[in-house]
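Asks: I am attaching a structure below and will ask some questions about it afterwards.
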Amino acid sequence: VYCNEPGDFHDEHVFPAGLGGDNNLQLRDLVCYVCNHDVFGPLDQELMRSSAVAIMRQFRMGLGRHDGKRSAPPKLDTRVTELFHPILQLYVEEEVLPGGRPHTRPQILFNGQDHPLIGSDQAEIDAFVDRLASVLASTAQLIVKEGRGREAVFHVTTLTWDGQQYVQNGVSVEKRAPKTGIWLEPLEAKSEGNKDCYYASRLFHRREGQLVLRALPQNDVAVLLTEARLVASQTQQHPPMIPHDISAPSVNVSMSMDMFRVWRAMAKIAVNHVCHEYGDSIVRHPTFGMIKRQILLEGLPPIEPKRWDAPQIEEIFSKDTRPIHVVMLWPAQLEDGTFRVCCGIRFFQTPFEGFVLAEGVPLPADSAPVIYLVHYQEYRTERFDWREYLLHAIVVPMFRAQQSLPPQ
Ligand SMILES: [Zn+2]
């Protein structure tokens, strides 16, 4: 239905499984492998890991579904996640786990003469120290990545241990990153008033396994690695400090979002629902050509989606505070008898996003608005027509609430 290629076909979730989509609601044999795997997969990933929706998902969704291959817990793609540590009075390298739980990565902070070794988990701290001991040997390598994808090159600085300290020993440019080494990234200290003293260079262990040195520009990296080697060899004398529970932690998340890709991911979800609701012949109609090209990005440049503003509908959904996503299809009949098909999507409690999918669509004359409610904690979807929904979700609960009020 998207690209007109004759197969081979894959099942496509009408609503992404990773956001709570129902396994029983799939487009069967209608989406080809290339669209499903090469286009929609990365778009869904963008939506689920690098968007405002991704942050909500990290807080609202649990450990993922438990049906085998889709059991991976939600994950955020951030450039930096840091927590303000109230005891150290410093930002520290952090993760936001499912349910919004903060988790401190194992790390060394280079705070003047003080080099605290911290983390939320003792086993992770031990693994970090072991790894440091093997990487900070008689030589050590610092890697800086430049460029992206196939264009990327790696600037590798080699340092040698002279018995007391590391000494820089030359830089080379490589096409491949060395297997053992420490990734060097600049630490961007955001000043809050005149308080950029809240930042110290830090060396930490990513969950994925890399060692990363996020260094302030005024620090000499050879000195930092020398200090790190001392800390790693003296953990018996300096037992690691595990932070106490921090109530209402302040966490900075820095992430790059591609709003056009996020919009394409939403438009794909909308067109999937049209296909499910009105049948594949409607999605094959030429009036859907433009939106499908935008989703597949055939032909440039990208154009801004045509917005559908529906403040009254948004107002109604804002009263529905259940743990749901909403997908609404709104066919409006035009003077010539064809339809303009609009779609509104609300993920979690984020604002309702409405856009026009197609105009001049030959829908049956009695086509009425429909709502899909995705109960994301239960991976279950309910479908209502608009009037049913108003009655079921708004009028009946309101009536019940009034009944239970004490008589005046
Ligand atoms: Zn295709």
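Identifiers for the structure tokens are assigned positionally: chains receive A, B, ... in sequence, residues are indexed from 1 per chain, and ligands are indexed from 1 in the order shown.
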Can you tell me which residues surround A:Leu187 at a distance of at most 12 Å, considering only C-alpha atoms, apart from same-chain residues fewer than 2 positions away, and format the answer as a list in words?

Replies: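 Result of the neighbour search: Arg79, Val80, Thr81, Glu82, Tyr91, Val92, Glu93, Leu184, Glu185, Ala189, Lys190, Asp196, Tyr198, Tyr199, Ala200, Ser201, Arg202, Leu203, Val212, Leu213, Arg214, Ala215, Leu216, Pro217, Gln218 and Asn219 of chain A.
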
Asks: List all protein, DNA and RNA residues that have any atom at most 9 Å from ligand 1, counting only C-alpha atoms and all ligand atoms, and write the list as an MDAnalysis selection string.

Replies: chainID A and resid 1:9 30:36 39 296

Asks: Can I get the selection written as an mmCIF file, in the first residue's frame, with N, CA, C and O atoms?

Replies:
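Generated file (out-v1.cif):
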data_model
loop_
_atom_site.group_PDB
_atom_site.id
_atom_site.type_symbol
_atom_site.label_atom_id
_atom_site.label_comp_id
_atom_site.auth_asym_id
_atom_site.auth_seq_id
_atom_site.Cartn_x
_atom_site.Cartn_y
_atom_site.Cartn_z
ATOM 1 N N VAL A 1 0.807 -1.223 0.000
ATOM 2 C CA VAL A 1 0.000 0.000 0.000
ATOM 3 C C VAL A 1 0.844 1.278 0.000
ATOM 4 O O VAL A 1 0.354 2.328 -0.394
ATOM 5 N N TYR A 2 2.085 1.201 0.471
ATOM 6 C CA TYR A 2 2.884 2.434 0.535
ATOM 7 C C TYR A 2 3.678 2.682 -0.741
ATOM 8 O O TYR A 2 3.689 3.782 -1.265
ATOM 9 N N CYS A 3 4.384 1.664 -1.240
ATOM 10 C CA CYS A 3 5.332 1.919 -2.329
ATOM 11 C C CYS A 3 4.923 1.242 -3.632
ATOM 12 O O CYS A 3 5.588 1.440 -4.639
ATOM 13 N N ASN A 4 3.850 0.421 -3.613
ATOM 14 C CA ASN A 4 3.396 -0.275 -4.826
ATOM 15 C C ASN A 4 4.306 -1.387 -5.312
ATOM 16 O O ASN A 4 4.096 -1.905 -6.402
ATOM 17 N N GLU A 5 5.322 -1.735 -4.543
ATOM 18 C CA GLU A 5 6.185 -2.844 -4.952
ATOM 19 C C GLU A 5 5.467 -4.161 -4.648
ATOM 20 O O GLU A 5 4.695 -4.247 -3.696
ATOM 21 N N PRO A 6 5.739 -5.176 -5.469
ATOM 22 C CA PRO A 6 4.969 -6.427 -5.323
ATOM 23 C C PRO A 6 5.528 -7.394 -4.272
ATOM 24 O O PRO A 6 5.644 -8.576 -4.524
ATOM 25 N N GLY A 7 5.873 -6.947 -3.100
ATOM 26 C CA GLY A 7 6.303 -7.870 -2.043
ATOM 27 C C GLY A 7 7.788 -7.783 -1.815
ATOM 28 O O GLY A 7 8.396 -6.883 -2.359
ATOM 29 N N ASP A 8 8.450 -8.638 -0.978
ATOM 30 C CA ASP A 8 7.725 -9.614 -0.182
ATOM 31 C C ASP A 8 7.165 -8.939 1.079
ATOM 32 O O ASP A 8 7.759 -8.017 1.613
ATOM 33 N N PHE A 9 6.028 -9.401 1.547
ATOM 34 C CA PHE A 9 5.258 -8.643 2.522
ATOM 35 C C PHE A 9 5.534 -9.010 3.974
ATOM 36 O O PHE A 9 5.895 -10.139 4.280
ATOM 37 N N LEU A 30 0.273 -6.297 3.541
ATOM 38 C CA LEU A 30 -0.004 -5.033 2.849
ATOM 39 C C LEU A 30 1.212 -4.109 2.818
ATOM 40 O O LEU A 30 1.243 -3.146 2.064
ATOM 41 N N VAL A 31 2.222 -4.394 3.637
ATOM 42 C CA VAL A 31 3.400 -3.525 3.695
ATOM 43 C C VAL A 31 4.622 -4.380 3.360
ATOM 44 O O VAL A 31 4.796 -5.461 3.909
ATOM 45 N N CYS A 32 5.444 -3.882 2.413
ATOM 46 C CA CYS A 32 6.580 -4.697 1.963
ATOM 47 C C CYS A 32 7.715 -4.647 2.977
ATOM 48 O O CYS A 32 7.755 -3.784 3.858
ATOM 49 N N TYR A 33 8.652 -5.580 2.805
ATOM 50 C CA TYR A 33 9.774 -5.695 3.732
ATOM 51 C C TYR A 33 10.576 -4.398 3.775
ATOM 52 O O TYR A 33 10.990 -3.942 4.843
ATOM 53 N N VAL A 34 10.801 -3.781 2.608
ATOM 54 C CA VAL A 34 11.646 -2.573 2.554
ATOM 55 C C VAL A 34 10.988 -1.438 3.335
ATOM 56 O O VAL A 34 11.635 -0.765 4.149
ATOM 57 N N CYS A 35 9.683 -1.206 3.111
ATOM 58 C CA CYS A 35 8.995 -0.147 3.854
ATOM 59 C C CYS A 35 9.011 -0.453 5.352
ATOM 60 O O CYS A 35 9.345 0.397 6.169
ATOM 61 N N ASN A 36 8.638 -1.689 5.685
ATOM 62 C CA ASN A 36 8.513 -2.079 7.085
ATOM 63 C C ASN A 36 9.855 -2.001 7.814
ATOM 64 O O ASN A 36 9.965 -1.431 8.889
ATOM 65 N N VAL A 39 12.333 1.618 6.356
ATOM 66 C CA VAL A 39 11.781 2.965 6.529
ATOM 67 C C VAL A 39 11.054 3.089 7.857
ATOM 68 O O VAL A 39 11.371 3.943 8.684
ATOM 69 N N LEU A 296 7.573 8.118 2.940
ATOM 70 C CA LEU A 296 8.703 7.381 2.371
ATOM 71 C C LEU A 296 9.823 8.309 1.929
ATOM 72 O O LEU A 296 10.898 7.855 1.568
#

Asks: Set the distance at 10 Å and use only C-alpha atoms: which residues neighbour A:Leu88 once local chain neighbours fewer than 5 positions away are removed? I'd like the list as a list of chain:residue names.

Replies: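 In the requested format, the answer is A:Leu109, A:Asn111, A:Pro116, A:Tyr198, A:Pro243.
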
Asks: Those residues with N, CA and C atoms, as an mmCIF file, in the first residue's frame please?

Replies:
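Contents of the output file part.cif:
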data_model
loop_
_atom_site.group_PDB
_atom_site.id
_atom_site.type_symbol
_atom_site.label_atom_id
_atom_site.label_comp_id
_atom_site.auth_asym_id
_atom_site.auth_seq_id
_atom_site.Cartn_x
_atom_site.Cartn_y
_atom_site.Cartn_z
ATOM 1 N N LEU A 109 34.695 11.447 39.376
ATOM 2 C CA LEU A 109 34.545 12.895 39.169
ATOM 3 C C LEU A 109 35.878 13.555 39.520
ATOM 4 N N ASN A 111 37.175 16.563 40.744
ATOM 5 C CA ASN A 111 36.764 17.802 41.384
ATOM 6 C C ASN A 111 37.957 18.360 42.166
ATOM 7 N N PRO A 116 36.013 11.616 43.739
ATOM 8 C CA PRO A 116 35.074 10.591 44.217
ATOM 9 C C PRO A 116 34.704 9.590 43.122
ATOM 10 N N TYR A 198 29.401 23.964 39.222
ATOM 11 C CA TYR A 198 28.667 22.717 39.436
ATOM 12 C C TYR A 198 29.165 21.600 38.515
ATOM 13 N N PRO A 243 25.490 7.015 46.137
ATOM 14 C CA PRO A 243 24.617 8.102 46.578
ATOM 15 C C PRO A 243 23.397 7.586 47.321
#

Asks: Using only C-alpha atoms, pick whichever of A:Ala177, A:Asp162, A:Pro362, A:Tyr389 has the shortest atom-to-atom distance to A:His285.

Replies: A:Pro362

Asks: Among the residues of stretch 170-402 of chain A, find those DSSP assigns to strand (DSSP E) from the backbone and print them as a PDB file with C-alpha atoms, in the first residue's frame.

Replies:
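As written to disk, selection.pdb reads:
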ATOM      1  CA  GLY A 170      51.264  11.344  19.320  1.00  0.00           C
ATOM      2  CA  VAL A 171      47.960  11.469  17.467  1.00  0.00           C
ATOM      3  CA  SER A 172      46.853   9.367  14.510  1.00  0.00           C
ATOM      4  CA  VAL A 173      43.761   9.427  12.332  1.00  0.00           C
ATOM      5  CA  GLU A 174      42.102   6.041  11.853  1.00  0.00           C
ATOM      6  CA  ILE A 182      38.428   5.806  26.144  1.00  0.00           C
ATOM      7  CA  TRP A 183      36.042   7.996  24.198  1.00  0.00           C
ATOM      8  CA  LEU A 184      36.742  11.679  24.721  1.00  0.00           C
ATOM      9  CA  GLU A 185      33.818  14.092  24.571  1.00  0.00           C
ATOM     10  CA  PRO A 186      33.733  17.760  25.544  1.00  0.00           C
ATOM     11  CA  SER A 201      35.217  16.470  34.296  1.00  0.00           C
ATOM     12  CA  ARG A 202      33.961  12.908  34.639  1.00  0.00           C
ATOM     13  CA  LEU A 203      35.003   9.467  33.433  1.00  0.00           C
ATOM     14  CA  PHE A 204      32.142   6.975  33.294  1.00  0.00           C
ATOM     15  CA  HIS A 205      31.030   3.585  32.014  1.00  0.00           C
ATOM     16  CA  LEU A 211      34.337   4.192  28.754  1.00  0.00           C
ATOM     17  CA  VAL A 212      33.758   7.904  28.195  1.00  0.00           C
ATOM     18  CA  LEU A 213      35.769  10.854  29.468  1.00  0.00           C
ATOM     19  CA  ARG A 214      33.658  13.999  29.402  1.00  0.00           C
ATOM     20  CA  ALA A 215      36.279  16.664  29.979  1.00  0.00           C
ATOM     21  CA  VAL A 251      17.910  15.662  35.818  1.00  0.00           C
ATOM     22  CA  ASN A 252      19.083  17.414  32.632  1.00  0.00           C
ATOM     23  CA  VAL A 253      18.393  15.505  29.438  1.00  0.00           C
ATOM     24  CA  SER A 254      19.995  16.732  26.224  1.00  0.00           C
ATOM     25  CA  ILE A 324      -4.163   5.786  26.815  1.00  0.00           C
ATOM     26  CA  HIS A 325      -2.982   7.067  23.467  1.00  0.00           C
ATOM     27  CA  VAL A 326      -5.665   8.396  21.131  1.00  0.00           C
ATOM     28  CA  VAL A 327      -5.780   8.103  17.350  1.00  0.00           C
ATOM     29  CA  MET A 328      -8.752   9.838  15.761  1.00  0.00           C
ATOM     30  CA  LEU A 329      -9.788   9.756  12.102  1.00  0.00           C
ATOM     31  CA  TRP A 330     -12.113  12.573  11.103  1.00  0.00           C
ATOM     32  CA  PRO A 331     -13.631  12.376   7.613  1.00  0.00           C
ATOM     33  CA  ALA A 332     -15.343  15.658   6.647  1.00  0.00           C
ATOM     34  CA  GLN A 333     -17.569  15.633   3.588  1.00  0.00           C
ATOM     35  CA  PHE A 339     -14.009  13.667   1.886  1.00  0.00           C
ATOM     36  CA  ARG A 340     -11.159  15.481   3.540  1.00  0.00           C
ATOM     37  CA  VAL A 341      -9.572  12.963   5.921  1.00  0.00           C
ATOM     38  CA  CYS A 342      -7.978  14.468   9.010  1.00  0.00           C
ATOM     39  CA  CYS A 343      -6.166  12.655  11.785  1.00  0.00           C
ATOM     40  CA  GLY A 344      -5.444  13.604  15.364  1.00  0.00           C
ATOM     41  CA  ILE A 345      -3.011  11.741  17.587  1.00  0.00           C
ATOM     42  CA  ARG A 346      -2.366  12.185  21.267  1.00  0.00           C
ATOM     43  CA  GLU A 353      -1.526  16.797  17.062  1.00  0.00           C
ATOM     44  CA  GLY A 354      -3.928  17.183  14.164  1.00  0.00           C
ATOM     45  CA  PHE A 355      -3.088  17.128  10.464  1.00  0.00           C
ATOM     46  CA  VAL A 356      -4.822  16.722   7.093  1.00  0.00           C
ATOM     47  CA  LEU A 357      -3.972  13.392   5.452  1.00  0.00           C
ATOM     48  CA  ALA A 358      -5.783  13.703   2.104  1.00  0.00           C
ATOM     49  CA  GLU A 359      -8.541  15.609   0.305  1.00  0.00           C
ATOM     50  CA  GLY A 360     -10.988  14.404  -2.344  1.00  0.00           C
ATOM     51  CA  VAL A 361     -11.109  10.892  -0.887  1.00  0.00           C
ATOM     52  CA  VAL A 370     -13.731   7.066  14.706  1.00  0.00           C
ATOM     53  CA  ILE A 371     -11.446   6.837  17.713  1.00  0.00           C
ATOM     54  CA  TYR A 372      -8.842   4.225  18.540  1.00  0.00           C
ATOM     55  CA  LEU A 373      -7.868   4.140  22.203  1.00  0.00           C
ATOM     56  CA  VAL A 374      -4.548   2.412  22.793  1.00  0.00           C
ATOM     57  CA  HIS A 375      -4.386   1.137  26.380  1.00  0.00           C
ATOM     58  CA  ARG A 380      -4.894  -3.488  23.953  1.00  0.00           C
ATOM     59  CA  THR A 381      -6.750  -1.240  21.523  1.00  0.00           C
ATOM     60  CA  GLU A 382     -10.447  -0.284  21.582  1.00  0.00           C
ATOM     61  CA  ARG A 383     -12.297   1.267  18.665  1.00  0.00           C
ATOM     62  CA  PHE A 384     -15.278   3.590  19.061  1.00  0.00           C
ATOM     63  CA  ASP A 385     -17.291   5.757  16.790  1.00  0.00           C
TER      64      ASP A 385
END

Asks: Pick from A:Gln122, A:Gln89, A:Thr180, A:Gln168: nearest to A:Ser134, with only C-alpha atoms counted?

Replies: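 Closest residue, counting only C-alpha atoms: A:Thr180.
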
Asks: Could you give me, as a PyMOL selection string, each residue of stretch 126-361 of chain A that DSSP assigns to helix (DSSP H, G or I) when run on this structure's backbone?

Replies: chain A and resi 126-135+149-151+196-198+221-233+259-278+280-284+286-296+311-318

Asks: Kindly give the distance, in Å, that separates atom CA of A:Val223 and atom CA of A:Tyr166, rounded to a single decimal.

Replies: 7.1 Å

Asks: Which residue gives the smallest distance to A:Asp44 among A:Ile269, A:Gly112, A:Ser120, A:Thr160, with only C-alpha atoms counted?

Replies: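 Ranking A:Ile269, A:Gly112, A:Ser120, A:Thr160 by distance to A:Asp44, first place goes to A:Ile269.
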
Asks: Env of A:Leu136: 7 Å cut, atoms = only C-alpha atoms, seq-sep filter 4 positions within chain, self excluded. Answer as JSON, numbers by chain.

Replies: {"A": [132, 140, 229]}

Asks: May I ask which of the residues A:Leu363, A:Leu297, A:Asp29, A:Leu142 is the closest one to A:Val283, counting only C-alpha atoms?

Replies: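 Of A:Leu363, A:Leu297, A:Asp29, A:Leu142, the one nearest A:Val283, counting only C-alpha atoms, is A:Leu363.
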
Asks: Given the choices A:Ala365, A:Ser281, A:Glu388, A:Gln210, which gets closest to A:Ala127 if the distance is worked out from only C-alpha atoms?

Replies: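 Nearest to A:Ala127: A:Gln210.
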
Asks: Quick one: residues within 12 Å of A:Ala265, only C-alpha atoms, excluding same-chain residues fewer than 5 positions away - as number ranges by chain?

Replies: A: 14-16, 36, 39-48, 50-51, 53, 258-260, 270-272, 291-292, 294-297, 345

Asks: For A:Trp308, which residue out of A:Glu227, A:His85, A:Phe352, A:Arg206 is the nearest one, using only C-alpha atoms?

Replies: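 Among the listed residues, A:Phe352 lies closest to A:Trp308.
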
Asks: What does the distance from atom CA of A:Leu83 to atom CA of A:Pro249 come to in Å, to one decimal?

Replies: 6.9 Å
